[in-house]
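Q: Supplied in structure tokens, the structure appears directly below.
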Amino acid sequence: MVTLVLTVLGILTGIFGICFFKDFFENKGLLSTTRWDKLLGVGFITDFFDTLGIGSFAPTVSLFKIGKMTDDKTMPGTLNVGHTIPVVLEAFLFIRAIEVEPLTLTLLLGSATSGAIVAAGIVSKLPVNRIRLVMGIALLAVAGIMISGQLGWMPSGGEAVGLTGIKLVIGVVVNFMLGAFMTVGIGLYAPCMALIYALGMSPRVAFPIMMGSCAFLMPAAGMRFVKEGAYDRKASMGLTAGGVVGVLIAYFIVKSLPINLLTWLVTGIIIYTGVKMLKEVKVEEPTRATEIG
């Protein structure tokens with residue numbers, strides 16, 4: 001089943017790659033003037049940390065803005081196109097190297113992908129503020145449980161590599177929601193880490209699941225941006241090339257981390273993401289009725 005998952009992912013990525021490289025070379029005379037070394041550097045740094053579970057979108061946006069490397073209008077497309085191949089590479093490396101029960105892996109990857117496709121229209125209409133508030137609080141609560149477990153105050157986490165029964169159902173449902181939440185700009189990595197830990201699975205298992213989930217989502221999204229020409233071709237190619245190198249280097253570091261250190265790393269990522277989400281909750285302006293009352 002794992003072989004089937006990787007085969008399907010490889011085919012999707014191959015189709016995306018043909019579409020991306022064909023468009024790049026057909027329009028190589030229209031590339032931006034941003035220096036290649038800057039773009040390659042951003043790709044290397046962001047996908048290096050993406051492989052550690054921190055995520056690449058937010059850091060990329062920050063570095064692009066600081067360096068004034070691309071237009072904000074093409075940012076969403078540039079991120080999706082440029083990070084697709086590095087994320088797929090992450091998925092291949094971690095799915096093959098870290099043991100995950102095949103049925104659990106397949107169902108969680110499928111549910112996240114389905115969530116992004118089926119529920120995109122529904123979730124995208126929900127108030128982003130409320131989603132960020134609820135998820136921010138939930139992530140910090142899970143991080144608190146993880147810290148308590150690490151300090152021996154209470155048992156938490158586990159060593160399981162698969163789910164059964166009600167836990168499997170919960171995992172499928174929640175990962176479906178996380179896939180849908182990506183449509184409103186909320187990353188999947190940290191919430192997925194929290195889910196895996198809360199269900200008693202090994203923190204190490206979070207890597208193939210969260211990266212595999214995103215890897216299945218991104219080729220389709222990337223092709224849409226390529227076909228519409230709604231991305232910065234040079235920036236995306238720089239992210240791809242630098243990102244692949246960053247992934248390969250970071251992969252060997254993560255693979256060799258002891259489980260205790262990895263758990264603290266996961267906890268830190270979850271806290272960072274939870275705080276970031278709460279900080280991004282905007283104060284809603286009072287309605288006219290409220291002002292009058």
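In the structure tokens, the first chain shown is A, the next is B, and so on; residue numbers restart at 1 for each chain, and ligands run from 1 in the order shown.
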Can you pull out every residue within 9 Å of Val275 of chain A, counting only C-alpha atoms, but drop anything in the same chain fewer than 6 positions away, and send it as a PyMOL selection string?

A: chain A and resi 136-137+139-140

Q: So that I can check the surroundings of Met237 of chain A, please list as an mmCIF file with N, CA and C atoms, in the first residue's frame every protein, DNA and RNA residue that reaches within 10 Å of it, counting only C-alpha atoms and ignoring chain neighbours fewer than 2 positions away.

A:
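File around.cif, as written:
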data_model
loop_
_atom_site.group_PDB
_atom_site.id
_atom_site.type_symbol
_atom_site.label_atom_id
_atom_site.label_comp_id
_atom_site.auth_asym_id
_atom_site.auth_seq_id
_atom_site.Cartn_x
_atom_site.Cartn_y
_atom_site.Cartn_z
ATOM 1 N N PHE A 20 5.435 22.602 -15.049
ATOM 2 C CA PHE A 20 6.237 23.698 -14.489
ATOM 3 C C PHE A 20 7.456 24.009 -15.359
ATOM 4 N N PHE A 21 8.263 22.997 -15.678
ATOM 5 C CA PHE A 21 9.496 23.230 -16.430
ATOM 6 C C PHE A 21 9.201 23.671 -17.866
ATOM 7 N N PHE A 24 8.339 27.294 -17.653
ATOM 8 C CA PHE A 24 9.525 28.099 -17.309
ATOM 9 C C PHE A 24 10.386 28.360 -18.541
ATOM 10 N N TRP A 36 19.808 35.165 -8.749
ATOM 11 C CA TRP A 36 19.614 33.742 -8.496
ATOM 12 C C TRP A 36 20.122 33.328 -7.125
ATOM 13 N N LEU A 39 17.512 33.886 -4.429
ATOM 14 C CA LEU A 39 16.384 32.960 -4.526
ATOM 15 C C LEU A 39 16.778 31.551 -4.098
ATOM 16 N N LEU A 40 17.953 31.122 -4.517
ATOM 17 C CA LEU A 40 18.442 29.804 -4.118
ATOM 18 C C LEU A 40 18.644 29.739 -2.600
ATOM 19 N N GLY A 43 15.292 29.406 -0.875
ATOM 20 C CA GLY A 43 14.807 28.041 -1.044
ATOM 21 C C GLY A 43 15.514 27.076 -0.105
ATOM 22 N N THR A 78 3.676 31.548 -6.301
ATOM 23 C CA THR A 78 5.113 31.300 -6.186
ATOM 24 C C THR A 78 5.405 30.314 -5.066
ATOM 25 N N VAL A 81 4.014 26.700 -6.169
ATOM 26 C CA VAL A 81 4.799 26.102 -7.250
ATOM 27 C C VAL A 81 6.227 25.810 -6.792
ATOM 28 N N GLY A 82 6.863 26.790 -6.154
ATOM 29 C CA GLY A 82 8.268 26.661 -5.783
ATOM 30 C C GLY A 82 8.558 25.614 -4.729
ATOM 31 N N HIS A 83 7.625 25.381 -3.819
ATOM 32 C CA HIS A 83 7.874 24.431 -2.726
ATOM 33 C C HIS A 83 7.319 23.032 -2.988
ATOM 34 N N ASP A 232 5.660 33.798 -9.938
ATOM 35 C CA ASP A 232 6.945 34.327 -10.375
ATOM 36 C C ASP A 232 7.805 33.128 -10.788
ATOM 37 N N ARG A 233 8.039 32.959 -12.085
ATOM 38 C CA ARG A 233 8.730 31.770 -12.593
ATOM 39 C C ARG A 233 10.153 31.630 -12.050
ATOM 40 N N LYS A 234 10.894 32.729 -12.041
ATOM 41 C CA LYS A 234 12.281 32.667 -11.587
ATOM 42 C C LYS A 234 12.354 32.385 -10.093
ATOM 43 N N ALA A 235 11.507 33.042 -9.311
ATOM 44 C CA ALA A 235 11.506 32.823 -7.864
ATOM 45 C C ALA A 235 11.123 31.382 -7.544
ATOM 46 N N LEU A 239 13.398 28.625 -5.588
ATOM 47 C CA LEU A 239 12.921 27.914 -4.399
ATOM 48 C C LEU A 239 13.068 26.409 -4.591
ATOM 49 N N THR A 240 12.716 25.932 -5.769
ATOM 50 C CA THR A 240 12.782 24.500 -6.050
ATOM 51 C C THR A 240 14.212 23.972 -5.970
ATOM 52 N N ALA A 241 15.123 24.629 -6.675
ATOM 53 C CA ALA A 241 16.511 24.163 -6.720
ATOM 54 C C ALA A 241 17.186 24.247 -5.351
ATOM 55 N N GLY A 242 17.063 25.413 -4.697
ATOM 56 C CA GLY A 242 17.674 25.561 -3.377
ATOM 57 C C GLY A 242 16.983 24.688 -2.352
ATOM 58 N N GLY A 243 15.669 24.524 -2.500
ATOM 59 C CA GLY A 243 14.893 23.736 -1.543
ATOM 60 C C GLY A 243 15.268 22.268 -1.537
#

Q: Mind pulling up the distance from atom CA of Ala194 of chain A to atom CA of Ile170 of chain A?

A: 12.9 Å

Q: I'd like the contact shell of segment 106-118 of chain A - 6 Å cut-off, only C-alpha atoms, skipping same-chain residues fewer than 4 positions apart - returned as number ranges by chain.

A: A: 172, 175-177, 179-180, 213, 217

Q: One number please: atom CA of Gly238 of chain A to atom CA of Asp37 of chain A, in Å, one decimal.

A: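 Atom CA of Gly238 of chain A sits 8.2 Å away from atom CA of Asp37 of chain A.
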
Q: Considering only C-alpha atoms, return as a tab-separated table (two decimals) with N, CA and C atoms, in the first residue's frame whatever protein or nucleic-acid residues lie within 9 Å of Leu9 of chain A, sequence-local ones (same chain, fewer than 5 positions apart) excluded.

A:
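Written out: around-v3.tsv:
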chain	number	residue	atom	x	y	z
A	4	LEU	N	2.08	1.86	-3.40
A	4	LEU	CA	1.02	2.44	-4.22
A	4	LEU	C	0.90	3.94	-3.96
A	14	GLY	N	5.23	14.11	-11.32
A	14	GLY	CA	5.80	14.10	-12.66
A	14	GLY	C	5.00	14.98	-13.61
A	88	VAL	N	7.48	17.22	-1.82
A	88	VAL	CA	7.29	15.85	-2.30
A	88	VAL	C	8.52	15.01	-1.97
A	92	PHE	N	8.69	11.52	0.24
A	92	PHE	CA	9.32	10.27	-0.19
A	92	PHE	C	10.35	9.79	0.82
A	212	GLY	N	3.44	13.99	3.76
A	212	GLY	CA	2.72	13.28	2.73
A	212	GLY	C	1.39	13.97	2.42
A	215	ALA	N	2.18	16.95	0.37
A	215	ALA	CA	2.74	16.55	-0.93
A	215	ALA	C	1.64	16.18	-1.92
A	216	PHE	N	0.55	15.60	-1.45
A	216	PHE	CA	-0.54	15.25	-2.34
A	216	PHE	C	-1.37	16.48	-2.74
A	219	PRO	N	0.91	19.49	-5.73
A	219	PRO	CA	1.04	19.42	-7.19
A	219	PRO	C	-0.19	19.94	-7.93

Q: Counting only C-alpha atoms, what is within 10 Å of Val205 of chain A, bar same-chain residues fewer than 3 positions away, as a list in words?

A: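 Everything that qualifies: Phe94, Ile95, Ile98, Glu99, Val100, Glu101, Leu105, Glu159, Ala160, Val161, Gly162, Met193, Ile196, Tyr197, Met201, Ser202, Pro208, Ile209 and Met210 of chain A.
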
Q: What gap, in Å, lies between atom CA of Met69 of chain A and atom CA of Leu278 of chain A?

A: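 Atom-to-atom, atom CA of Met69 of chain A and atom CA of Leu278 of chain A are spaced 28.1 Å apart.
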
Q: Which is closer to Ala143 of chain A than all the others in A:Tyr189, A:Ile270, A:Val281, A:Thr34, using only C-alpha atoms?

A: A:Ile270

Q: Show which residues sit within 9 Å of Ala220 of chain A, as number ranges by chain. Count only C-alpha atoms, and ignore same-chain residues fewer than 5 positions away.

A: A: 12-13, 16

Q: Determine the nearest neighbour of Asp50 of chain A from the options A:Val173, A:Leu248, A:Leu6, A:Leu133, counting only C-alpha atoms.

A: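 Closest residue, counting only C-alpha atoms: A:Leu248.
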
Q: Nearest to Thr273 of chain A: which of A:Leu79, A:Val87, A:Ile54, A:Cys214 is it, counting only C-alpha atoms?

A: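 Answer, going by the shortest atom-to-atom distance: A:Ile54.
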
Q: Closest to Cys19 of chain A among A:Leu265, A:Val244, A:Val226, A:Ile249, using only C-alpha atoms?

A: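 Using only C-alpha atoms, Cys19 of chain A sits closest to A:Val226.
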